[in-house]
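Asker: The structure that follows is given in the form of structure tokens.
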Protein chains: 2
Amino acid sequence: MGEFELIARYFTRPLPPGGGVALGVGDDCALLAPRPGMQLAVSSDMLVEGRHFFADVYPAHLGHKALAVNLSDLAACGARPLGFMLALALPRMDEVWLEGFARGLLALADAHHCPLVGGDTTAGPLTICVTVFGEVPAGGALLRSGARPGDDIWVSGTPGLARLALDALRGQLHLDASALAVLRRRLEQPEPRVALGQALAGCASSAIDVSDGLLGDLGHILRASGVGARVEADAAAALIGGCEPLAGLAEALGQELLLRCVLSGGDDYELLFTAEAQARSAVQSAARACGVPVTRIGRIEAQPGLRLVDAQGAAVEGRFPGFDHFA
Amino acid sequence: MGEFELIARYFTRPLPPGGGVALGVGDDCALLAPRPGMQLAVSSDMLVEGRHFFADVYPAHLGHKALAVNLSDLAACGARPLGFMLALALPRMDEVWLEGFARGLLALADAHHCPLVGGDTTAGPLTICVTVFGEVPAGGALLRSGARPGDDIWVSGTPGLARLALDALRGQLHLDASALAVLRRRLEQPEPRVALGQALAGCASSAIDVSDGLLGDLGHILRASGVGARVEADAAAALIGGCEPLAGLAEALGQELLLRCVLSGGDDYELLFTAEAQARSAVQSAARACGVPVTRIGRIEAQPGLRLVDAQGAAVEGRFPGFDHFA
């Protein structure tokens, strides 16, 4: 099967009507038509076998994740997805793999009304590069640079679960099968917070998605905004305990491990964002409307640096990757 | 050096003023602001070491080519470049390589006012994925599907030179050093026909860039337009003879090799396009304004299929990859 047949068989589908795509797969370029007054948000992520995924991952999960990590970048800007490009290097023509990969990829694309509009396929070491396009009202994108002293720091869902899953898959942690299944889904099939990002565009002051770890990603907001922050360790560690299917697990794992996973684990694709204190009810309403829990875990401060504190405001000791740079 | 420092050191530059980029490198997404009434043209190409380039290629040439092949897709749509994303997998941190790669990449970007707006870097087998963005008036893009019976078939510059260079580098062809230098530049540093593409948007009926070989790429136009074509072998073979620095070379190489290179050689990134016969002077004016020669090499016909003919209209025998499928 040649490149063109491969694209036709696995990746070409009719465009959804009424979307922002004027021309999809099959010409030299795809043509996007954002609505008047909209800017185009674009993001690109490259996934490499052995680094971003295990060789034995389910192809459908990999297809899902390759798009999810990009949709998550749109979410962090508050953008509505329009479409995406897929560039794929494949070591060999493996139809079973391709069928599964395309199924996972396109199922998530359908769920977010984000059609595949073009791309490239070639022979090579398994590498997946997705570039995603979304639209956002001009001047209305959520940026990393908007956090101000006094703003609350919020996070969606339960960051840290992907890292727990990774530790378990690496054999560094023992979990029973049902807990592992829940966690593994978070690692392999993260749900990008696309609706939440759009809902927050009116009430949050800054946002980023948690891909490298909560503290490291918060550091990006602090640098871009020229501010510091105080993060409450108990509130952060309680996130996993508050996650229903894992309630029994939290105590057994211990506070230090939980804290390390929540603060330094990557690959969660939750949204970390800031909002003025007076926007608390607006944030809660936006989150409820999207069915995604959000939790306040700290506050932006004028003093540069990142301080991890206990309930009494005393510094919490410990080594958390992503943290030391900002202490 | 981490990912963030790498991006800052080699790839972050101030955005040119007045362009279509509202936000460049450094947030979750870049923000593009096409002008009112414009559509966004997007294209992605992935280059893999050992397949698209030799491991010993000059990094600056590789940087140039990685962007050039994408700008060429914009050219084929008649789009004006706005910016591009770079996703890069690197086997190791090699500052000499990165400096050269970035230099070649950004020099071509500057020449086309097409800034780097974002991307991704990771460890992995050397793989380069560029996604380029351009703007084109809504409804005004050059497509593959617009060719009509009676249209002339035109090609810019001299397709076939990249293939001659490849044959020489593989030792299948002996060339003196000065001829090889000319040809090698065409293979490693192709000049995307960006200005010509925009100039042709008003007078051509269809276009594609010659990446897979002239006949194969013409086949894409024929299929998309539901037409056939007649290509004049003498006109095609004369292209290389008409290329000044190689004039002495053409005779020595022989008509059959020339024809094979022109018709089946890929990697040239010339524009292959069609236009109504009455647009001949408009096409010539557009080409002159851009300083790029264009040559008529055949005609679109209603009868499906692709016919290669001599000056008397008789079928030319020979095996040309990309041709047999359409005979």
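In the structure tokens, chains take the letters A, B, ... in the order shown, each chain's residues start at 1, and ligands count up from 1 in the order shown.
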Can you pull out every residue from range 89-183 of chain A that DSSP, working from the backbone, puts in helix (DSSP H, G or I), and format the result as JSON, numbers by chain?

Answerer: {"A": [95, 96, 97, 98, 99, 100, 101, 102, 103, 104, 105, 106, 107, 108, 109, 110, 111, 144, 145, 146, 161, 162, 163, 164, 165, 166, 167, 168, 169, 177, 178, 179, 180, 181, 182, 183]}

Asker: Give me, as number ranges by chain, the contact residues of chain B against chain A at a cut-off of 7 Å, counting only C-alpha atoms.

Answerer: B: 27-33, 36, 39-46, 48, 73-74, 76-77, 85, 87, 119-120, 124-125, 143-144, 208

Asker: Write out the coordinates of chain B as a short mmCIF file (atom, residue, chain, number, x, y, z; two decimals) with C-alpha atoms, in the first residue's frame after a least-squares overlay onto chain A built on all ordered Cα pairs.

Answerer:
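superposed.cif was written with the following content:
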data_model
loop_
_atom_site.label_atom_id
_atom_site.label_comp_id
_atom_site.auth_asym_id
_atom_site.auth_seq_id
_atom_site.Cartn_x
_atom_site.Cartn_y
_atom_site.Cartn_z
CA MET B 1 0.02 0.01 -0.01
CA GLY B 2 1.42 3.40 -1.03
CA GLU B 3 1.16 6.65 0.85
CA PHE B 4 -1.88 7.83 -1.05
CA GLU B 5 -3.84 4.62 -0.60
CA LEU B 6 -2.94 4.57 3.09
CA ILE B 7 -4.30 8.07 3.56
CA ALA B 8 -7.43 7.28 1.59
CA ARG B 9 -8.15 4.05 3.42
CA TYR B 10 -7.52 5.00 7.02
CA PHE B 11 -7.56 8.73 7.37
CA THR B 12 -9.89 10.30 4.80
CA ARG B 13 -13.40 11.06 5.98
CA PRO B 14 -16.07 13.52 4.93
CA LEU B 15 -15.69 16.90 6.60
CA PRO B 16 -18.39 17.78 9.12
CA PRO B 17 -20.74 20.43 7.69
CA GLY B 18 -20.67 23.97 8.99
CA GLY B 19 -17.19 23.74 10.45
CA GLY B 20 -14.23 26.03 9.93
CA VAL B 21 -12.60 23.86 7.26
CA ALA B 22 -13.01 24.94 3.64
CA LEU B 23 -10.80 22.20 2.15
CA GLY B 24 -9.52 19.04 3.83
CA VAL B 25 -7.20 16.17 2.89
CA GLY B 26 -6.03 15.88 -0.72
CA ASP B 27 -4.55 19.13 -2.05
CA ASP B 28 -1.19 20.82 -1.42
CA CYS B 29 -2.68 22.68 1.52
CA ALA B 30 -5.80 22.43 3.61
CA LEU B 31 -7.85 25.62 3.86
CA LEU B 32 -9.23 26.82 7.17
CA ALA B 33 -11.89 29.49 7.43
CA PRO B 34 -12.01 30.89 10.97
CA ARG B 35 -15.07 33.06 11.59
CA PRO B 36 -14.74 36.84 11.33
CA GLY B 37 -13.12 38.36 14.41
CA MET B 38 -11.39 35.12 15.34
CA GLN B 39 -7.69 34.40 15.67
CA LEU B 40 -6.25 31.02 14.88
CA ALA B 41 -4.60 29.12 17.76
CA VAL B 42 -2.04 26.54 16.60
CA SER B 43 0.06 23.99 18.48
CA SER B 44 2.32 21.06 17.57
CA ASP B 45 3.48 18.04 19.55
CA MET B 46 5.76 15.22 18.47
CA LEU B 47 5.55 11.76 20.08
CA VAL B 48 8.44 9.32 19.69
CA GLU B 49 8.33 5.58 20.45
CA GLY B 50 10.27 4.65 23.57
CA ARG B 51 10.15 8.17 24.88
CA HIS B 52 6.50 9.23 24.89
CA PHE B 53 4.92 5.80 24.70
CA PHE B 54 5.80 2.14 25.13
CA ALA B 55 6.16 0.05 21.98
CA ASP B 56 3.34 -2.22 23.18
CA VAL B 57 0.75 0.49 23.82
CA TYR B 58 -2.62 -0.19 22.19
CA PRO B 59 -2.59 1.61 18.83
CA ALA B 60 -6.06 3.04 19.53
CA HIS B 61 -4.84 4.52 22.81
CA LEU B 62 -1.84 6.00 21.07
CA GLY B 63 -4.04 7.56 18.38
CA HIS B 64 -6.20 9.05 21.12
CA LYS B 65 -3.24 10.42 23.05
CA ALA B 66 -1.49 11.91 20.02
CA LEU B 67 -4.46 14.16 19.43
CA ALA B 68 -5.34 14.62 23.11
CA VAL B 69 -2.04 16.28 24.01
CA ASN B 70 -2.59 18.80 21.23
CA LEU B 71 -6.24 19.46 22.01
CA SER B 72 -5.05 20.09 25.55
CA ASP B 73 -2.91 22.98 24.27
CA LEU B 74 -5.98 24.45 22.57
CA ALA B 75 -7.88 24.01 25.84
CA ALA B 76 -5.18 25.91 27.73
CA CYS B 77 -5.75 28.85 25.36
CA GLY B 78 -9.54 28.64 25.55
CA ALA B 79 -9.74 27.87 21.83
CA ARG B 80 -12.43 25.93 19.98
CA PRO B 81 -10.94 23.12 17.83
CA LEU B 82 -11.22 23.50 14.04
CA GLY B 83 -9.08 20.66 12.72
CA PHE B 84 -5.67 18.99 12.80
CA MET B 85 -2.80 17.77 10.63
CA LEU B 86 -1.10 14.39 11.14
CA ALA B 87 2.48 13.65 10.11
CA LEU B 88 3.34 10.01 10.65
CA ALA B 89 6.60 8.09 10.22
CA LEU B 90 6.00 4.32 10.21
CA PRO B 91 8.70 1.64 10.33
CA ARG B 92 6.54 -0.72 8.24
CA MET B 93 3.08 -0.99 6.76
CA ASP B 94 1.08 -2.64 9.54
CA GLU B 95 -2.61 -2.54 8.74
CA VAL B 96 -3.74 -3.82 12.14
CA TRP B 97 -1.76 -1.06 13.82
CA LEU B 98 -3.00 1.60 11.40
CA GLU B 99 -6.62 0.58 11.78
CA GLY B 100 -6.38 0.82 15.57
CA PHE B 101 -4.40 4.03 15.56
CA ALA B 102 -6.83 5.73 13.16
CA ARG B 103 -9.81 4.49 15.18
CA GLY B 104 -8.55 5.99 18.45
CA LEU B 105 -7.41 9.17 16.76
CA LEU B 106 -10.61 9.81 14.83
CA ALA B 107 -12.92 8.90 17.71
CA LEU B 108 -11.40 11.69 19.80
CA ALA B 109 -11.44 13.98 16.76
CA ASP B 110 -15.15 13.29 16.29
CA ALA B 111 -15.86 13.90 19.97
CA HIS B 112 -14.33 17.37 19.64
CA HIS B 113 -15.60 18.16 16.11
CA CYS B 114 -11.97 18.47 15.07
CA PRO B 115 -11.49 16.78 11.66
CA LEU B 116 -8.22 15.63 10.16
CA VAL B 117 -7.51 18.12 7.37
CA GLY B 118 -4.18 16.91 5.99
CA GLY B 119 -0.67 15.76 6.77
CA ASP B 120 2.13 13.54 5.62
CA THR B 121 3.12 9.88 5.89
CA THR B 122 6.59 8.42 5.40
CA ALA B 123 8.72 5.43 6.30
CA GLY B 124 10.87 5.92 9.39
CA PRO B 125 11.14 5.22 13.13
CA LEU B 126 7.63 5.43 14.64
CA THR B 127 7.04 9.15 15.16
CA ILE B 128 3.75 11.00 15.37
CA CYS B 129 3.49 14.75 14.91
CA VAL B 130 0.09 16.36 15.28
CA THR B 131 -0.55 20.04 14.65
CA VAL B 132 -3.90 21.29 15.82
CA PHE B 133 -5.85 24.41 14.86
CA GLY B 134 -8.49 26.22 16.86
CA GLU B 135 -10.22 29.56 16.87
CA VAL B 136 -10.46 32.05 19.68
CA PRO B 137 -11.92 35.58 19.72
CA ALA B 138 -9.21 38.11 18.85
CA GLY B 139 -7.62 39.23 22.11
CA GLY B 140 -9.56 36.62 24.10
CA ALA B 141 -7.05 33.76 24.33
CA LEU B 142 -6.01 32.51 27.77
CA LEU B 143 -2.27 33.15 28.06
CA ARG B 144 0.41 32.19 30.55
CA SER B 145 1.19 35.83 31.16
CA GLY B 146 -2.05 37.03 32.78
CA ALA B 147 -1.61 35.92 36.42
CA ARG B 148 -1.73 38.79 38.98
CA PRO B 149 -0.93 38.91 42.72
CA GLY B 150 -3.95 37.87 44.74
CA ASP B 151 -5.29 35.52 42.04
CA ASP B 152 -6.30 32.03 43.13
CA ILE B 153 -4.44 29.08 41.62
CA TRP B 154 -6.78 26.34 40.42
CA VAL B 155 -6.32 22.94 38.87
CA SER B 156 -8.87 20.73 37.11
CA GLY B 157 -9.43 17.06 37.89
CA THR B 158 -6.67 15.01 39.50
CA PRO B 159 -3.12 15.66 38.37
CA GLY B 160 -0.72 12.92 39.46
CA LEU B 161 -2.69 9.91 38.30
CA ALA B 162 -0.70 9.51 35.10
CA ARG B 163 2.50 9.41 37.13
CA LEU B 164 1.09 6.83 39.53
CA ALA B 165 0.17 4.72 36.50
CA LEU B 166 3.67 5.06 35.10
CA ASP B 167 5.26 4.06 38.42
CA ALA B 168 2.98 1.01 38.54
CA LEU B 169 3.69 0.00 34.94
CA ARG B 170 7.40 0.30 35.68
CA GLY B 171 6.94 -2.03 38.68
CA GLN B 172 7.90 0.66 41.19
CA LEU B 173 4.49 0.53 42.83
CA HIS B 174 2.03 -2.29 43.42
CA LEU B 175 -1.62 -1.63 42.63
CA ASP B 176 -4.52 -4.03 42.31
CA ALA B 177 -5.84 -4.58 38.80
CA SER B 178 -8.92 -2.37 39.09
CA ALA B 179 -6.99 0.63 40.42
CA LEU B 180 -4.35 0.14 37.73
CA ALA B 181 -7.02 0.08 35.05
CA VAL B 182 -8.37 3.44 36.23
CA LEU B 183 -4.91 4.98 36.37
CA ARG B 184 -3.72 3.51 33.11
CA ARG B 185 -6.63 5.08 31.32
CA ARG B 186 -5.51 8.46 32.64
CA LEU B 187 -2.00 7.88 31.33
CA GLU B 188 -2.93 6.43 27.95
CA GLN B 189 -6.23 8.12 27.18
CA PRO B 190 -6.21 11.51 28.85
CA GLU B 191 -9.32 13.64 28.31
CA PRO B 192 -8.28 17.09 27.11
CA ARG B 193 -10.24 19.79 28.95
CA VAL B 194 -11.44 21.49 25.78
CA ALA B 195 -14.88 22.57 27.01
CA LEU B 196 -13.48 23.78 30.32
CA GLY B 197 -10.82 25.87 28.58
CA GLN B 198 -13.44 27.66 26.50
CA ALA B 199 -15.67 28.17 29.54
CA LEU B 200 -12.77 29.63 31.51
CA ALA B 201 -11.78 32.09 28.80
CA GLY B 202 -14.18 34.62 30.31
CA CYS B 203 -13.16 34.27 33.95
CA ALA B 204 -9.57 32.96 34.28
CA SER B 205 -6.56 35.28 34.15
CA SER B 206 -4.00 32.74 32.89
CA ALA B 207 -3.83 29.05 32.04
CA ILE B 208 -1.51 26.22 31.02
CA ASP B 209 -2.04 22.50 30.65
CA VAL B 210 -0.17 20.18 33.01
CA SER B 211 2.11 18.22 30.72
CA ASP B 212 5.51 18.51 32.41
CA GLY B 213 4.29 18.46 36.02
CA LEU B 214 2.20 20.91 38.02
CA LEU B 215 5.06 22.84 39.64
CA GLY B 216 7.10 23.04 36.46
CA ASP B 217 4.10 24.22 34.48
CA LEU B 218 3.14 26.68 37.21
CA GLY B 219 6.69 27.98 36.88
CA HIS B 220 5.95 28.86 33.23
CA ILE B 221 2.97 30.95 34.35
CA LEU B 222 5.03 32.66 37.06
CA ARG B 223 7.85 33.55 34.68
CA ALA B 224 5.51 34.73 31.94
CA SER B 225 3.46 36.80 34.40
CA GLY B 226 6.40 38.11 36.47
CA VAL B 227 4.89 36.92 39.76
CA GLY B 228 5.41 34.30 42.49
CA ALA B 229 3.10 31.79 44.15
CA ARG B 230 2.24 29.91 47.31
CA VAL B 231 0.94 26.36 46.86
CA GLU B 232 -0.84 24.55 49.69
CA ALA B 233 0.64 21.07 50.00
CA ASP B 234 -2.37 19.58 51.82
CA ALA B 235 -4.78 20.80 49.17
CA ALA B 236 -2.55 19.36 46.46
CA ALA B 237 -2.06 15.99 48.17
CA ALA B 238 -5.80 15.74 48.88
CA LEU B 239 -6.57 15.78 45.17
CA ILE B 240 -5.84 12.08 44.73
CA GLY B 241 -7.61 11.13 47.96
CA GLY B 242 -10.64 13.03 46.66
CA CYS B 243 -10.71 11.04 43.44
CA GLU B 244 -13.53 8.54 44.02
CA PRO B 245 -12.14 5.26 42.60
CA LEU B 246 -8.84 5.80 44.43
CA ALA B 247 -10.12 6.95 47.80
CA GLY B 248 -8.95 3.78 49.52
CA LEU B 249 -5.58 3.98 47.83
CA ALA B 250 -4.44 7.40 49.01
CA GLU B 251 -3.80 6.44 52.61
CA ALA B 252 -1.84 3.33 51.68
CA LEU B 253 0.42 5.29 49.34
CA GLY B 254 1.31 7.96 51.89
CA GLN B 255 1.37 11.74 51.70
CA GLU B 256 4.89 12.11 50.35
CA LEU B 257 4.32 9.90 47.30
CA LEU B 258 0.95 11.53 46.63
CA LEU B 259 2.48 14.97 46.83
CA ARG B 260 5.32 14.01 44.51
CA CYS B 261 2.89 12.60 41.94
CA VAL B 262 0.53 15.58 42.11
CA LEU B 263 3.24 18.23 42.04
CA SER B 264 5.84 16.69 39.75
CA GLY B 265 4.03 14.05 37.70
CA GLY B 266 3.53 15.00 34.08
CA ASP B 267 1.29 13.78 31.29
CA ASP B 268 -2.00 14.60 33.02
CA TYR B 269 -3.31 17.26 30.66
CA GLU B 270 -5.38 18.87 33.36
CA LEU B 271 -5.71 22.66 33.24
CA LEU B 272 -3.76 24.74 35.74
CA PHE B 273 -5.14 28.27 35.81
CA THR B 274 -5.45 31.43 37.82
CA ALA B 275 -8.44 33.68 38.43
CA GLU B 276 -9.25 36.68 40.58
CA ALA B 277 -10.72 35.78 43.98
CA GLN B 278 -13.95 37.51 43.00
CA ALA B 279 -14.31 35.12 40.05
CA ARG B 280 -14.58 32.04 42.31
CA SER B 281 -18.25 31.43 41.73
CA ALA B 282 -17.87 32.06 38.00
CA VAL B 283 -15.06 29.51 37.87
CA GLN B 284 -17.13 26.98 39.81
CA SER B 285 -20.11 27.54 37.50
CA ALA B 286 -17.97 27.12 34.41
CA ALA B 287 -16.51 23.90 35.79
CA ARG B 288 -19.91 22.50 36.77
CA ALA B 289 -21.29 23.27 33.34
CA CYS B 290 -18.46 21.18 31.87
CA GLY B 291 -18.73 18.39 34.43
CA VAL B 292 -15.09 18.78 35.47
CA PRO B 293 -14.14 19.31 39.13
CA VAL B 294 -11.74 22.16 39.89
CA THR B 295 -9.82 22.77 43.10
CA ARG B 296 -8.06 25.80 44.55
CA ILE B 297 -4.53 24.88 45.53
CA GLY B 298 -2.82 28.20 46.18
CA ARG B 299 -2.46 31.87 45.45
CA ILE B 300 -0.40 34.14 43.24
CA GLU B 301 1.88 36.54 45.14
CA ALA B 302 3.94 39.52 44.10
CA GLN B 303 7.09 38.05 45.68
CA PRO B 304 8.92 36.03 43.01
CA GLY B 305 9.48 32.30 43.55
CA LEU B 306 7.32 29.35 44.39
CA ARG B 307 6.57 28.47 48.03
CA LEU B 308 5.10 25.14 49.09
CA VAL B 309 3.38 25.52 52.47
CA ASP B 310 1.32 23.51 54.97
CA ALA B 311 -2.06 24.53 56.42
CA GLN B 312 -0.29 26.81 58.90
CA GLY B 313 1.72 28.54 56.17
CA ALA B 314 5.00 26.87 57.15
CA ALA B 315 7.37 25.76 54.38
CA VAL B 316 7.03 22.10 53.41
CA GLU B 317 10.35 20.30 53.01
CA GLY B 318 10.94 17.83 50.24
CA ARG B 319 12.46 17.46 46.83
CA PHE B 320 9.96 17.87 44.02
CA PRO B 321 11.25 18.04 40.47
CA GLY B 322 10.15 21.32 38.90
CA PHE B 323 10.13 22.98 42.33
CA ASP B 324 13.77 23.51 43.21
CA HIS B 325 14.35 26.02 40.45
CA PHE B 326 11.81 28.37 41.95
CA ALA B 327 12.41 27.96 45.71
#

Asker: Please identify which residues in range 164-240 of chain A DSSP calls strand (DSSP E) from the backbone, and express them as an MDAnalysis selection string.

Answerer: chainID A and resid 206:209 228:232

Asker: Just C-alpha atoms for this one: save the residues we selected as a CSV table (one decimal), in the first residue's frame.

Answerer:
chain,number,residue,atom,x,y,z
A,206,SER,CA,-4.0,32.7,32.9
A,207,ALA,CA,-3.8,29.0,32.0
A,208,ILE,CA,-1.5,26.2,31.0
A,209,ASP,CA,-2.0,22.5,30.6
A,228,GLY,CA,5.4,34.3,42.5
A,229,ALA,CA,3.1,31.8,44.1
A,230,ARG,CA,2.3,29.9,47.3
A,231,VAL,CA,0.9,26.4,46.9
A,232,GLU,CA,-0.8,24.5,49.7
